[in-house]
file target.txt (compact mmCIF, C-alpha atoms (C1' of nucleotides))
# COMPACT_ATOMS: atom_id res chain seq x y z
CA MET A 1 -27.22 4.38 41.60
CA THR A 2 -26.32 7.14 39.24
CA ALA A 3 -27.72 7.31 35.72
CA THR A 4 -24.64 5.86 34.08
CA THR A 5 -23.52 2.63 35.64
CA PRO A 6 -20.24 3.25 37.46
CA PRO A 7 -17.77 2.09 34.83
CA ALA A 8 -15.67 0.23 37.41
CA ARG A 9 -12.68 1.84 35.84
CA PRO A 10 -9.72 -0.48 35.56
CA PRO A 11 -6.60 0.52 37.45
CA GLY A 12 -3.76 2.40 35.90
CA ARG A 13 -3.47 5.55 33.90
CA PRO A 14 -6.65 6.10 31.90
CA ARG A 15 -6.58 6.60 28.18
CA ALA A 16 -6.61 10.16 27.02
CA GLY A 17 -9.89 10.90 25.24
CA LEU A 18 -8.48 11.80 21.90
CA ASP A 19 -10.14 9.42 19.45
CA ALA A 20 -12.09 12.34 18.02
CA GLU A 21 -8.89 14.31 17.49
CA VAL A 22 -7.31 11.33 15.76
CA PHE A 23 -10.30 11.00 13.43
CA THR A 24 -10.21 14.68 12.59
CA ALA A 25 -6.48 14.60 11.92
CA THR A 26 -6.84 11.45 9.84
CA LEU A 27 -9.48 12.90 7.54
CA SER A 28 -7.72 16.22 7.11
CA THR A 29 -4.39 14.52 6.42
CA VAL A 30 -5.96 12.16 3.90
CA HIS A 31 -7.74 15.08 2.31
CA GLU A 32 -4.57 17.09 1.99
CA ILE A 33 -2.06 14.53 0.75
CA GLY A 34 -4.07 11.46 -0.26
CA TYR A 35 -4.57 8.06 1.27
CA ALA A 36 -1.22 6.40 0.61
CA ARG A 37 0.87 9.41 1.63
CA ALA A 38 -1.18 9.82 4.78
CA THR A 39 1.09 7.55 6.78
CA VAL A 40 0.33 6.58 10.33
CA GLU A 41 3.38 8.57 11.36
CA ARG A 42 1.98 11.74 9.77
CA ILE A 43 -1.47 11.20 11.19
CA ALA A 44 0.03 10.83 14.64
CA THR A 45 2.09 13.98 14.21
CA ALA A 46 -0.94 15.87 12.95
CA THR A 47 -2.86 14.75 16.02
CA GLY A 48 0.03 15.74 18.25
CA ILE A 49 0.62 12.24 19.62
CA ALA A 50 3.10 9.43 19.04
CA LYS A 51 2.75 6.81 16.34
CA THR A 52 2.95 4.08 18.95
CA THR A 53 -0.14 5.47 20.64
CA ILE A 54 -2.10 4.95 17.41
CA TYR A 55 -0.98 1.34 17.28
CA ARG A 56 -1.98 0.81 20.90
CA ARG A 57 -5.57 1.63 19.96
CA TRP A 58 -5.93 0.28 16.44
CA PRO A 59 -4.29 -2.90 15.19
CA SER A 60 -3.60 -1.54 11.71
CA LYS A 61 -3.95 1.51 9.53
CA GLY A 62 -6.97 -0.10 7.88
CA ALA A 63 -8.74 -0.60 11.18
CA LEU A 64 -8.12 3.04 12.06
CA ILE A 65 -9.60 4.18 8.77
CA VAL A 66 -12.64 1.96 9.19
CA ASP A 67 -13.32 3.41 12.65
CA CYS A 68 -12.79 6.86 11.18
CA LEU A 69 -15.39 6.16 8.50
CA LEU A 70 -17.81 4.78 11.09
CA ASP A 71 -17.42 8.03 12.97
CA ALA A 72 -17.94 10.06 9.79
CA PHE A 73 -21.06 8.20 8.69
CA GLY A 74 -22.58 7.81 12.12
CA PRO A 75 -25.96 6.14 12.48
CA ALA A 76 -27.98 5.71 9.30
CA PRO A 77 -30.64 8.42 9.08
CA LEU A 78 -33.59 6.11 8.43
CA ARG A 79 -36.72 8.11 9.10
CA GLU A 80 -39.61 6.18 10.59
CA GLY A 81 -42.78 6.18 8.59
CA ALA A 82 -41.16 6.97 5.27
CA ASP A 83 -42.07 4.74 2.35
CA GLN A 84 -39.51 2.63 0.58
CA ALA A 85 -38.78 5.09 -2.20
CA GLU A 86 -38.17 7.91 0.27
CA LEU A 87 -35.91 5.70 2.36
CA MET A 88 -33.84 4.64 -0.62
CA SER A 89 -33.59 8.13 -1.99
CA SER A 90 -32.50 9.65 1.31
CA THR A 91 -30.05 6.80 1.91
CA ILE A 92 -28.39 7.32 -1.45
CA ARG A 93 -28.10 11.05 -0.88
CA TRP A 94 -26.77 10.52 2.63
CA ILE A 95 -24.04 8.17 1.38
CA ALA A 96 -23.18 10.50 -1.50
CA ALA A 97 -23.00 13.54 0.78
CA THR A 98 -20.83 11.78 3.34
CA ILE A 99 -18.45 10.45 0.71
CA ALA A 100 -18.20 13.99 -0.60
CA GLU A 101 -16.99 15.32 2.75
CA PRO A 102 -13.30 16.24 2.74
CA GLY A 103 -11.16 13.17 3.15
CA VAL A 104 -14.00 10.69 3.53
CA GLY A 105 -14.14 9.61 -0.09
CA ASP A 106 -10.38 9.26 -0.34
CA ALA A 107 -10.23 7.31 2.89
CA PHE A 108 -13.08 5.05 1.82
CA ALA A 109 -11.64 4.33 -1.60
CA GLY A 110 -8.20 3.84 -0.09
CA VAL A 111 -9.16 1.36 2.58
CA PHE A 112 -11.40 -0.41 0.09
CA SER A 113 -8.48 -0.88 -2.23
CA ASP A 114 -6.24 -2.13 0.54
CA ALA A 115 -8.91 -4.65 1.47
CA VAL A 116 -8.82 -6.13 -2.02
CA SER A 117 -5.62 -7.98 -1.25
CA ASP A 118 -5.93 -8.19 2.52
CA PRO A 119 -8.56 -10.69 3.67
CA ALA A 120 -8.22 -9.64 7.30
CA LEU A 121 -8.93 -6.04 6.44
CA ARG A 122 -11.79 -7.09 4.19
CA GLU A 123 -13.32 -8.87 7.15
CA ILE A 124 -13.00 -5.74 9.29
CA LEU A 125 -14.50 -3.61 6.54
CA SER A 126 -17.37 -5.98 5.97
CA ALA A 127 -18.20 -6.72 9.59
CA ARG A 128 -17.67 -3.33 11.18
CA LEU A 129 -18.72 -0.96 8.42
CA GLN A 130 -20.98 -2.68 5.91
CA ASP A 131 -22.92 -5.15 8.05
CA PRO A 132 -24.48 -2.70 10.52
CA TYR A 133 -25.84 -0.53 7.74
CA ARG A 134 -26.87 -3.56 5.70
CA LEU A 135 -28.89 -4.94 8.61
CA ALA A 136 -30.52 -1.60 9.28
CA LEU A 137 -31.45 -1.31 5.61
CA GLN A 138 -32.83 -4.85 5.45
CA ASP A 139 -35.06 -3.97 8.34
CA ALA A 140 -36.13 -0.53 7.18
CA LEU A 141 -36.65 -1.47 3.53
CA ASP A 142 -38.04 -4.94 4.22
CA GLU A 143 -35.84 -6.42 1.53
CA PRO A 144 -33.84 -9.68 1.61
CA GLU A 145 -30.10 -9.68 2.20
CA ASN A 146 -29.07 -10.28 -1.39
CA ARG A 147 -31.12 -7.35 -2.67
CA VAL A 148 -29.69 -5.00 -0.06
CA LEU A 149 -26.16 -6.18 -0.85
CA PHE A 150 -26.83 -5.46 -4.51
CA PHE A 151 -28.18 -2.03 -3.60
CA ILE A 152 -25.00 -1.28 -1.63
CA ASP A 153 -22.80 -2.54 -4.46
CA VAL A 154 -24.52 -0.24 -6.91
CA VAL A 155 -24.62 2.89 -4.77
CA VAL A 156 -21.26 2.70 -3.03
CA GLY A 157 -19.53 1.15 -6.03
CA THR A 158 -20.71 3.88 -8.37
CA LEU A 159 -19.78 6.68 -6.00
CA LEU A 160 -16.35 5.23 -5.24
CA HIS A 161 -15.61 4.57 -8.90
CA ARG A 162 -16.29 8.19 -9.72
CA MET A 163 -14.16 9.29 -6.78
CA GLY A 164 -11.33 6.95 -7.72
CA MET A 165 -11.25 7.80 -11.42
CA THR A 166 -11.62 11.55 -11.13
CA GLY A 167 -10.45 12.36 -7.62
CA GLU A 168 -13.63 14.34 -7.14
CA PRO A 169 -16.93 13.31 -5.60
CA MET A 170 -19.95 12.83 -7.83
CA VAL A 171 -21.82 16.03 -8.66
CA ASP A 172 -25.44 16.46 -7.60
CA ALA A 173 -26.83 16.00 -11.09
CA ASP A 174 -25.28 12.55 -11.32
CA VAL A 175 -26.42 11.64 -7.83
CA ASP A 176 -29.91 12.55 -9.04
CA ALA A 177 -29.41 10.21 -11.98
CA LEU A 178 -28.31 7.47 -9.63
CA VAL A 179 -31.46 7.90 -7.57
CA ALA A 180 -33.58 7.96 -10.71
CA MET A 181 -31.98 4.75 -11.92
CA VAL A 182 -32.06 2.79 -8.69
CA LEU A 183 -35.53 3.62 -7.40
CA PRO A 184 -37.66 2.15 -10.20
CA HIS A 185 -35.66 -1.04 -10.06
CA PHE A 186 -36.33 -1.58 -6.38
CA ALA A 187 -39.41 0.31 -5.36
CA ARG A 188 -42.55 -1.71 -4.88
CA ASP A 189 -44.63 1.43 -4.57
CA VAL A 190 -43.41 3.77 -7.24
CA ASP A 191 -45.02 7.09 -6.55
CA PRO A 192 -45.28 8.84 -9.93
CA THR A 193 -45.26 12.34 -8.46
CA MET B 1 6.51 1.05 -50.38
CA THR B 2 5.36 -2.26 -48.97
CA ALA B 3 2.06 -2.62 -47.13
CA THR B 4 3.59 -2.55 -43.70
CA THR B 5 6.15 0.18 -43.47
CA PRO B 6 9.54 -1.49 -43.08
CA PRO B 7 10.01 -1.30 -39.32
CA ALA B 8 13.46 0.20 -39.82
CA ARG B 9 14.53 -1.85 -36.92
CA PRO B 10 16.76 0.08 -34.54
CA PRO B 11 20.23 -1.31 -34.03
CA GLY B 12 21.19 -3.49 -31.14
CA ARG B 13 19.74 -6.62 -29.62
CA PRO B 14 16.00 -6.79 -30.23
CA ARG B 15 13.55 -7.20 -27.42
CA ALA B 16 12.45 -10.72 -26.72
CA GLY B 17 8.74 -11.07 -27.54
CA LEU B 18 7.52 -12.03 -24.14
CA ASP B 19 4.89 -9.45 -23.29
CA ALA B 20 2.24 -12.14 -23.60
CA GLU B 21 4.11 -14.39 -21.17
CA VAL B 22 4.43 -11.51 -18.70
CA PHE B 23 0.69 -10.83 -18.89
CA THR B 24 -0.14 -14.49 -18.34
CA ALA B 25 2.23 -14.74 -15.40
CA THR B 26 0.88 -11.50 -13.95
CA LEU B 27 -2.74 -12.64 -13.99
CA SER B 28 -1.99 -16.08 -12.64
CA THR B 29 0.21 -14.67 -9.88
CA VAL B 30 -2.41 -12.10 -8.91
CA HIS B 31 -5.06 -14.80 -9.02
CA GLU B 32 -3.08 -17.08 -6.74
CA ILE B 33 -1.78 -14.73 -4.07
CA GLY B 34 -3.67 -11.45 -4.51
CA TYR B 35 -2.72 -8.07 -5.88
CA ALA B 36 -0.52 -6.70 -3.11
CA ARG B 37 1.45 -9.92 -2.62
CA ALA B 38 1.95 -10.23 -6.37
CA THR B 39 5.17 -8.25 -6.29
CA VAL B 40 7.02 -7.33 -9.43
CA GLU B 41 9.80 -9.64 -8.28
CA ARG B 42 7.42 -12.61 -8.12
CA ILE B 43 5.80 -11.77 -11.44
CA ALA B 44 9.24 -11.64 -13.04
CA THR B 45 10.22 -14.96 -11.49
CA ALA B 46 6.94 -16.53 -12.61
CA THR B 47 7.63 -15.31 -16.12
CA GLY B 48 11.16 -16.61 -15.97
CA ILE B 49 12.80 -13.24 -16.47
CA ALA B 50 14.54 -10.65 -14.30
CA LYS B 51 12.73 -7.94 -12.39
CA THR B 52 14.84 -5.31 -14.08
CA THR B 53 13.53 -6.46 -17.46
CA ILE B 54 10.00 -5.68 -16.29
CA TYR B 55 11.06 -2.18 -15.31
CA ARG B 56 12.75 -1.68 -18.67
CA ARG B 57 9.38 -2.13 -20.36
CA TRP B 58 6.90 -0.65 -17.90
CA PRO B 59 7.60 2.40 -15.76
CA SER B 60 5.70 1.08 -12.75
CA LYS B 61 3.74 -1.86 -11.45
CA GLY B 62 0.53 0.06 -12.11
CA ALA B 63 1.41 0.63 -15.75
CA LEU B 64 2.14 -3.08 -16.15
CA ILE B 65 -1.24 -3.99 -14.67
CA VAL B 66 -3.05 -1.52 -16.91
CA ASP B 67 -1.42 -3.01 -20.01
CA CYS B 68 -2.27 -6.43 -18.70
CA LEU B 69 -5.93 -5.42 -18.35
CA LEU B 70 -5.93 -3.90 -21.83
CA ASP B 71 -4.70 -7.24 -23.12
CA ALA B 72 -7.34 -9.12 -21.14
CA PHE B 73 -10.26 -6.95 -22.29
CA GLY B 74 -9.12 -6.55 -25.86
CA PRO B 75 -11.24 -4.55 -28.26
CA ALA B 76 -14.81 -3.83 -27.18
CA PRO B 77 -17.19 -6.30 -28.87
CA LEU B 78 -19.61 -3.71 -30.22
CA ARG B 79 -21.70 -5.43 -32.86
CA GLU B 80 -22.74 -3.30 -35.79
CA GLY B 81 -26.44 -2.97 -36.35
CA ALA B 82 -27.48 -3.79 -32.81
CA ASP B 83 -29.86 -1.40 -31.11
CA GLN B 84 -28.89 0.56 -28.03
CA ALA B 85 -30.40 -1.89 -25.54
CA GLU B 86 -28.58 -4.82 -27.11
CA LEU B 87 -25.32 -2.89 -27.14
CA MET B 88 -25.61 -1.93 -23.48
CA SER B 89 -26.64 -5.38 -22.41
CA SER B 90 -23.80 -7.10 -24.24
CA THR B 91 -21.32 -4.51 -23.01
CA ILE B 92 -22.31 -5.06 -19.38
CA ARG B 93 -22.06 -8.82 -19.77
CA TRP B 94 -18.71 -8.54 -21.52
CA ILE B 95 -17.28 -6.41 -18.72
CA ALA B 96 -18.72 -8.71 -16.06
CA ALA B 97 -17.37 -11.82 -17.76
CA THR B 98 -13.91 -10.35 -18.21
CA ILE B 99 -13.72 -9.16 -14.62
CA ALA B 100 -14.71 -12.68 -13.59
CA GLU B 101 -11.73 -14.20 -15.38
CA PRO B 102 -9.05 -15.48 -13.00
CA GLY B 103 -6.90 -12.62 -11.81
CA VAL B 104 -8.56 -9.90 -13.86
CA GLY B 105 -10.95 -8.71 -11.17
CA ASP B 106 -8.25 -8.69 -8.51
CA ALA B 107 -5.84 -6.87 -10.78
CA PHE B 108 -8.48 -4.32 -11.76
CA ALA B 109 -9.59 -3.64 -8.21
CA GLY B 110 -5.98 -3.49 -7.07
CA VAL B 111 -4.74 -1.03 -9.63
CA PHE B 112 -7.87 1.02 -9.17
CA SER B 113 -7.17 1.30 -5.49
CA ASP B 114 -3.57 2.23 -6.04
CA ALA B 115 -4.73 4.96 -8.40
CA VAL B 116 -6.80 6.54 -5.65
CA SER B 117 -3.72 8.02 -4.07
CA ASP B 118 -1.48 8.16 -7.12
CA PRO B 119 -2.48 10.85 -9.62
CA ALA B 120 0.08 9.67 -12.18
CA LEU B 121 -1.35 6.18 -12.13
CA ARG B 122 -4.89 7.57 -12.27
CA GLU B 123 -3.93 9.37 -15.44
CA ILE B 124 -2.56 6.16 -16.95
CA LEU B 125 -5.69 4.26 -15.94
CA SER B 126 -7.99 6.91 -17.30
CA ALA B 127 -6.17 7.59 -20.56
CA ARG B 128 -5.04 4.12 -21.53
CA LEU B 129 -7.86 1.95 -20.22
CA GLN B 130 -11.04 3.96 -19.74
CA ASP B 131 -10.87 6.52 -22.53
CA PRO B 132 -10.64 4.14 -25.51
CA TYR B 133 -13.68 2.20 -24.39
CA ARG B 134 -15.51 5.37 -23.43
CA LEU B 135 -15.00 6.85 -26.88
CA ALA B 136 -16.09 3.63 -28.58
CA LEU B 137 -19.21 3.57 -26.43
CA GLN B 138 -20.03 7.21 -27.08
CA ASP B 139 -19.90 6.45 -30.77
CA ALA B 140 -21.78 3.16 -30.69
CA LEU B 141 -24.47 4.27 -28.26
CA ASP B 142 -24.75 7.81 -29.56
CA GLU B 143 -24.72 9.19 -26.04
CA PRO B 144 -22.86 12.24 -24.68
CA GLU B 145 -19.67 11.89 -22.68
CA ASN B 146 -21.21 12.50 -19.28
CA ARG B 147 -23.84 9.81 -19.76
CA VAL B 148 -21.27 7.26 -20.87
CA LEU B 149 -19.05 8.14 -17.93
CA PHE B 150 -21.99 7.62 -15.63
CA PHE B 151 -22.72 4.29 -17.31
CA ILE B 152 -19.11 3.17 -16.74
CA ASP B 153 -19.20 4.34 -13.12
CA VAL B 154 -22.30 2.28 -12.47
CA VAL B 155 -21.26 -0.89 -14.27
CA VAL B 156 -17.59 -1.06 -13.36
CA GLY B 157 -18.12 0.41 -9.91
CA THR B 158 -20.78 -2.11 -9.02
CA LEU B 159 -18.78 -5.07 -10.29
CA LEU B 160 -15.58 -3.97 -8.57
CA HIS B 161 -17.35 -3.25 -5.30
CA ARG B 162 -18.73 -6.76 -5.26
CA MET B 163 -15.31 -8.15 -6.11
CA GLY B 164 -13.59 -6.04 -3.47
CA MET B 165 -16.01 -6.76 -0.65
CA THR B 166 -16.44 -10.48 -1.24
CA GLY B 167 -13.34 -11.50 -3.15
CA GLU B 168 -15.60 -13.21 -5.67
CA PRO B 169 -16.98 -11.93 -8.97
CA MET B 170 -20.65 -11.12 -9.24
CA VAL B 171 -22.89 -14.11 -9.94
CA ASP B 172 -24.95 -14.23 -13.13
CA ALA B 173 -28.25 -13.53 -11.39
CA ASP B 174 -26.92 -10.23 -10.08
CA VAL B 175 -25.41 -9.34 -13.45
CA ASP B 176 -28.90 -9.90 -14.84
CA ALA B 177 -30.25 -7.52 -12.20
CA LEU B 178 -27.62 -4.96 -13.18
CA VAL B 179 -28.67 -5.17 -16.81
CA ALA B 180 -32.33 -4.93 -15.82
CA MET B 181 -31.64 -1.84 -13.74
CA VAL B 182 -29.41 0.01 -16.17
CA LEU B 183 -31.25 -0.54 -19.44
CA PRO B 184 -34.54 1.22 -18.67
CA HIS B 185 -32.66 4.22 -17.36
CA PHE B 186 -30.71 4.69 -20.58
CA ALA B 187 -32.51 3.06 -23.41
CA ARG B 188 -34.38 5.37 -25.74
CA ASP B 189 -35.98 2.47 -27.52
CA VAL B 190 -37.07 0.11 -24.81
CA ASP B 191 -38.18 -2.97 -26.60
CA PRO B 192 -40.83 -4.55 -24.34
CA THR B 193 -40.28 -8.08 -25.64
C1' DT C 1 34.75 -7.40 -35.99
C1' DG C 2 32.69 -3.53 -33.96
C1' DA C 3 28.65 -0.84 -32.57
C1' DT C 4 24.47 -0.94 -30.25
C1' DT C 5 20.97 -2.42 -27.41
C1' DA C 6 18.57 -5.91 -24.36
C1' DC C 7 19.06 -9.19 -20.71
C1' DG C 8 20.35 -11.25 -16.07
C1' DC C 9 22.31 -10.40 -11.82
C1' DT C 10 23.55 -8.18 -7.72
C1' DA C 11 23.53 -4.62 -4.80
C1' DC C 12 21.33 -0.82 -3.14
C1' DC C 13 18.01 3.17 -1.78
C1' DT C 14 13.68 4.69 0.13
C1' DT C 15 9.22 4.50 2.15
C1' DA C 16 5.98 2.75 5.19
C1' DG C 17 3.57 -0.61 8.13
C1' DG C 18 4.32 -2.53 12.35
C1' DT C 19 6.95 -4.03 16.86
C1' DA C 20 9.89 -3.78 21.14
C1' DT C 21 11.69 -1.37 24.91
C1' DC C 22 12.12 2.03 28.48
C1' DG C 23 11.57 6.00 31.26
C1' DA C 24 8.01 9.30 32.53
C1' DT C 25 3.30 10.29 33.82
C1' DA C 26 -1.50 9.95 35.52
C1' DC C 27 -4.83 7.86 38.19
C1' DC C 28 -6.63 4.84 42.06
C1' DT C 29 -6.26 2.80 46.56
C1' DA C 30 -4.41 1.83 50.99
C1' DT D 1 2.14 9.77 51.15
C1' DA D 2 3.53 5.46 49.04
C1' DG D 3 2.64 1.65 45.85
C1' DG D 4 0.43 -0.53 41.89
C1' DT D 5 -0.96 -0.32 37.26
C1' DA D 6 -1.57 1.11 32.72
C1' DT D 7 -0.85 4.76 29.25
C1' DC D 8 2.13 7.98 26.77
C1' DG D 9 6.25 9.64 24.19
C1' DA D 10 10.54 8.59 22.20
C1' DT D 11 13.78 5.90 19.98
C1' DA D 12 15.36 2.20 17.66
C1' DC D 13 14.46 -1.46 14.87
C1' DC D 14 12.55 -5.18 11.49
C1' DT D 15 10.53 -6.37 7.11
C1' DA D 16 8.41 -6.03 2.57
C1' DA D 17 8.17 -3.91 -1.67
C1' DG D 18 8.65 -0.39 -5.34
C1' DG D 19 12.18 1.24 -7.95
C1' DT D 20 17.27 2.36 -9.55
C1' DA D 21 22.33 1.78 -10.81
C1' DG D 22 26.07 -0.67 -12.64
C1' DC D 23 28.27 -4.39 -14.87
C1' DG D 24 29.19 -8.38 -17.56
C1' DT D 25 26.97 -11.10 -21.23
C1' DA D 26 24.22 -12.14 -25.30
C1' DA D 27 22.03 -10.97 -29.71
C1' DT D 28 21.57 -8.54 -33.86
C1' DC D 29 23.08 -5.52 -37.76
C1' DA D 30 26.49 -3.36 -40.76
call {"tool": "encode", "arguments": {"input": "target.txt", "output": "structure tokens"}}
result
Amino acid sequence: MTATTPPARPPGRPRAGLDAEVFTATLSTVHEIGYARATVERIATATGIAKTTIYRRWPSKGALIVDCLLDAFGPAPLREGADQAELMSSTIRWIAATIAEPGVGDAFAGVFSDAVSDPALREILSARLQDPYRLALQDALDEPENRVLFFIDVVVGTLLHRMGMTGEPMVDADVDALVAMVLPHFARDVDPT
Amino acid sequence: MTATTPPARPPGRPRAGLDAEVFTATLSTVHEIGYARATVERIATATGIAKTTIYRRWPSKGALIVDCLLDAFGPAPLREGADQAELMSSTIRWIAATIAEPGVGDAFAGVFSDAVSDPALREILSARLQDPYRLALQDALDEPENRVLFFIDVVVGTLLHRMGMTGEPMVDADVDALVAMVLPHFARDVDPT
DNA sequence: TGATTACGCTACCTTAGGTATCGATACCTA
DNA sequence: TAGGTATCGATACCTAAGGTAGCGTAATCA
């Protein structure tokens, strides 16, 4: 048996492997013209494929954006062996840096806003994007669910509010302030270095 | 000259005084069916007026919502003589309580999201809603602009993120946690009572 | 009574999310 | 090489909602 289990590929024409291209085109389109004007039609054109192909793979624009954000964030960089303060600090900076990447902050704020009045999208956002990172953080930080949810509300909420009100990601100095504010409130082992 | 300058009423049929009714209908409609489904048509019908009358008074749905929020928040309750910690604490609780009122949180999160990809609306939101309170806070707290903006990002961002992700306003225990986290980071005169 | 302005109504335009259909194409298997 | 199957591109279409135009009517002042 080979290393990868033979996929037992289903019959028929296989899907073209262009999810990565769609994600790239989505972020660059959102970055250039904003979330609302980045229509599915334009994203498809930017990718070089048909709009119907997008809808064959994602059930809605929101679901596409969520997958795009999952791809942009990737796995949470939770170093083993780090203490709680280090983990929180690096997590905040990782989220801030990713949101600051071109298109990511706009896409995040945009899909978040759509979710406000779309329960189905809110479920997708919560289950596919927030929950995996929340569970990983609960485990790594050894904190209960409600504390981690509060942590996410503070960090993501603050960063998105800045992005939404100004159109620009939060500058490093303010991210430092965010870290300085959050850590003492959570850390059990405040290292006064 | 009399106390109030004679309005020198312009000729023609005067406007019916129904802004208050429109605001009430807007919040209750948003509360019942959500921000996106609360169309201008439905808000007008709920008020008992024509959609075109709404558009004669507000240039866009976003502008209507912003005025509606201004009416809901009213003037900031900044007590004279209170120290900085008291002012911050009461401000946070005032914002949290107002956002928790039926329809206000949904409307706020909704218009905020729309503003993400609409620079004109962002300008309205920033100038008409955020700036007045920001200036009042700068004065009352004696803090520079960037610190007050950071304060608003944290407080409003956190509350809206909770509202957007769960559909419910933040519970009192978490508002307490927000106060407990924010105060030590800002307060110059931490009163260890 | 006339001028002026707001209101209600209807019709309409535009954008954008999302769906249906159909011929062409790519891949596997017999 | 032929057949089966599923994807792709293209086109046309539906629907909801923001927003506008025009017109007759109602209210107020001079």
call {"tool": "residues_near_point", "arguments": {"input": "target.txt", "point": "(-27.7, -5.6, -26.5)", "cutoff": "12 Å", "atoms": "only C-alpha atoms (C1' of nucleotides)", "output": "compact mmCIF listing (two decimals) with C-alpha atoms, in the frame of the given file"}}
result
# COMPACT_ATOMS: atom_id res chain seq x y z
CA PRO B 77 -17.19 -6.30 -28.87
CA LEU B 78 -19.61 -3.71 -30.22
CA ARG B 79 -21.70 -5.43 -32.86
CA GLU B 80 -22.74 -3.30 -35.79
CA GLY B 81 -26.44 -2.97 -36.35
CA ALA B 82 -27.48 -3.79 -32.81
CA ASP B 83 -29.86 -1.40 -31.11
CA GLN B 84 -28.89 0.56 -28.03
CA ALA B 85 -30.40 -1.89 -25.54
CA GLU B 86 -28.58 -4.82 -27.11
CA LEU B 87 -25.32 -2.89 -27.14
CA MET B 88 -25.61 -1.93 -23.48
CA SER B 89 -26.64 -5.38 -22.41
CA SER B 90 -23.80 -7.10 -24.24
CA THR B 91 -21.32 -4.51 -23.01
CA ILE B 92 -22.31 -5.06 -19.38
CA ARG B 93 -22.06 -8.82 -19.77
CA TRP B 94 -18.71 -8.54 -21.52
CA ALA B 140 -21.78 3.16 -30.69
CA LEU B 141 -24.47 4.27 -28.26
CA VAL B 179 -28.67 -5.17 -16.81
CA ALA B 180 -32.33 -4.93 -15.82
CA VAL B 182 -29.41 0.01 -16.17
CA LEU B 183 -31.25 -0.54 -19.44
CA ALA B 187 -32.51 3.06 -23.41
CA ASP B 189 -35.98 2.47 -27.52
CA VAL B 190 -37.07 0.11 -24.81
CA ASP B 191 -38.18 -2.97 -26.60
call {"tool": "residues_around", "arguments": {"input": "target.txt", "residues": "region 95-105 of chain A", "least_positions_apart": "2", "cutoff": "6 Å", "atoms": "all atoms listed in the file", "output": "count of residues only"}}
result
8
call {"tool": "closest_residue", "arguments": {"input": "target.txt", "among": "D:DT11, D:DA17, D:DG24, D:DG3", "to": "chain B", "atoms": "all atoms listed in the file"}}
result
D:DA17
call {"tool": "closest_atom_pairs", "arguments": {"input": "target.txt", "of": "chain C", "to": "chain A", "cutoff": "7 Å", "atoms": "all atoms listed in the file", "output": "Markdown table"}}
result
| residue | atom | partner | partner_atom | distance |
| --- | --- | --- | --- | --- |
| C:DA26 | C1' | A:Arg13 | CA | 5.1 |
| C:DC27 | C1' | A:Arg13 | CA | 5.1 |
| C:DC28 | C1' | A:Pro11 | CA | 6.3 |
call {"tool": "residues_near_point", "arguments": {"input": "target.txt", "point": "(-8.3, 4.9, -7.3)", "cutoff": "10 Å", "atoms": "all atoms listed in the file", "output": "ChimeraX atom specification"}}
result
/A:35,106,109-110,112-113,160-167 /B:109-119,121-122,125
call {"tool": "write_last_selection", "arguments": {"input": "target.txt", "atoms": "C-alpha atoms", "output": "CSV table (one decimal), keeping the file's coordinate frame"}}
result
chain,number,residue,atom,x,y,z
A,35,TYR,CA,-4.6,8.1,1.3
A,106,ASP,CA,-10.4,9.3,-0.3
A,109,ALA,CA,-11.6,4.3,-1.6
A,110,GLY,CA,-8.2,3.8,-0.1
A,112,PHE,CA,-11.4,-0.4,0.1
A,113,SER,CA,-8.5,-0.9,-2.2
A,160,LEU,CA,-16.4,5.2,-5.2
A,161,HIS,CA,-15.6,4.6,-8.9
A,162,ARG,CA,-16.3,8.2,-9.7
A,163,MET,CA,-14.2,9.3,-6.8
A,164,GLY,CA,-11.3,7.0,-7.7
A,165,MET,CA,-11.2,7.8,-11.4
A,166,THR,CA,-11.6,11.6,-11.1
A,167,GLY,CA,-10.4,12.4,-7.6
B,109,ALA,CA,-9.6,-3.6,-8.2
B,110,GLY,CA,-6.0,-3.5,-7.1
B,111,VAL,CA,-4.7,-1.0,-9.6
B,112,PHE,CA,-7.9,1.0,-9.2
B,113,SER,CA,-7.2,1.3,-5.5
B,114,ASP,CA,-3.6,2.2,-6.0
B,115,ALA,CA,-4.7,5.0,-8.4
B,116,VAL,CA,-6.8,6.5,-5.6
B,117,SER,CA,-3.7,8.0,-4.1
B,118,ASP,CA,-1.5,8.2,-7.1
B,119,PRO,CA,-2.5,10.8,-9.6
B,121,LEU,CA,-1.4,6.2,-12.1
B,122,ARG,CA,-4.9,7.6,-12.3
B,125,LEU,CA,-5.7,4.3,-15.9
call {"tool": "residues_around", "arguments": {"input": "target.txt", "residues": "DT10 (chain C)", "least_positions_apart": "4", "cutoff": "12 Å", "atoms": "all atoms listed in the file", "output": "VMD selection string"}}
result
(chain B and resid 50 to 52) or (chain D and resid 21 to 24)
call {"tool": "closest_residue", "arguments": {"input": "target.txt", "among": "D:DT25, D:DC13, D:DT7, D:DT20", "to": "DC9 (chain C)", "atoms": "all atoms listed in the file"}}
result
D:DT25
call {"tool": "closest_atom_pairs", "arguments": {"input": "target.txt", "of": "chain D", "to": "chain A", "cutoff": "8 Å", "atoms": "all atoms listed in the file", "output": "CSV"}}
result
residue,atom,partner,partner_atom,distance
D:DG4,C1',A:Gly12,CA,7.9
D:DT5,C1',A:Gly12,CA,4.1
D:DA6,C1',A:Gly12,CA,4.1
D:DT7,C1',A:Arg13,CA,5.4
D:DC8,C1',A:Thr53,CA,7.0
D:DG9,C1',A:Ala50,CA,6.0
call {"tool": "write_last_selection", "arguments": {"input": "target.txt", "atoms": "C-alpha atoms (C1' of nucleotides)", "output": "compact mmCIF listing (two decimals), in the frame of the given file"}}
result
# COMPACT_ATOMS: atom_id res chain seq x y z
C1' DG D 4 0.43 -0.53 41.89
C1' DT D 5 -0.96 -0.32 37.26
C1' DA D 6 -1.57 1.11 32.72
C1' DT D 7 -0.85 4.76 29.25
C1' DC D 8 2.13 7.98 26.77
C1' DG D 9 6.25 9.64 24.19
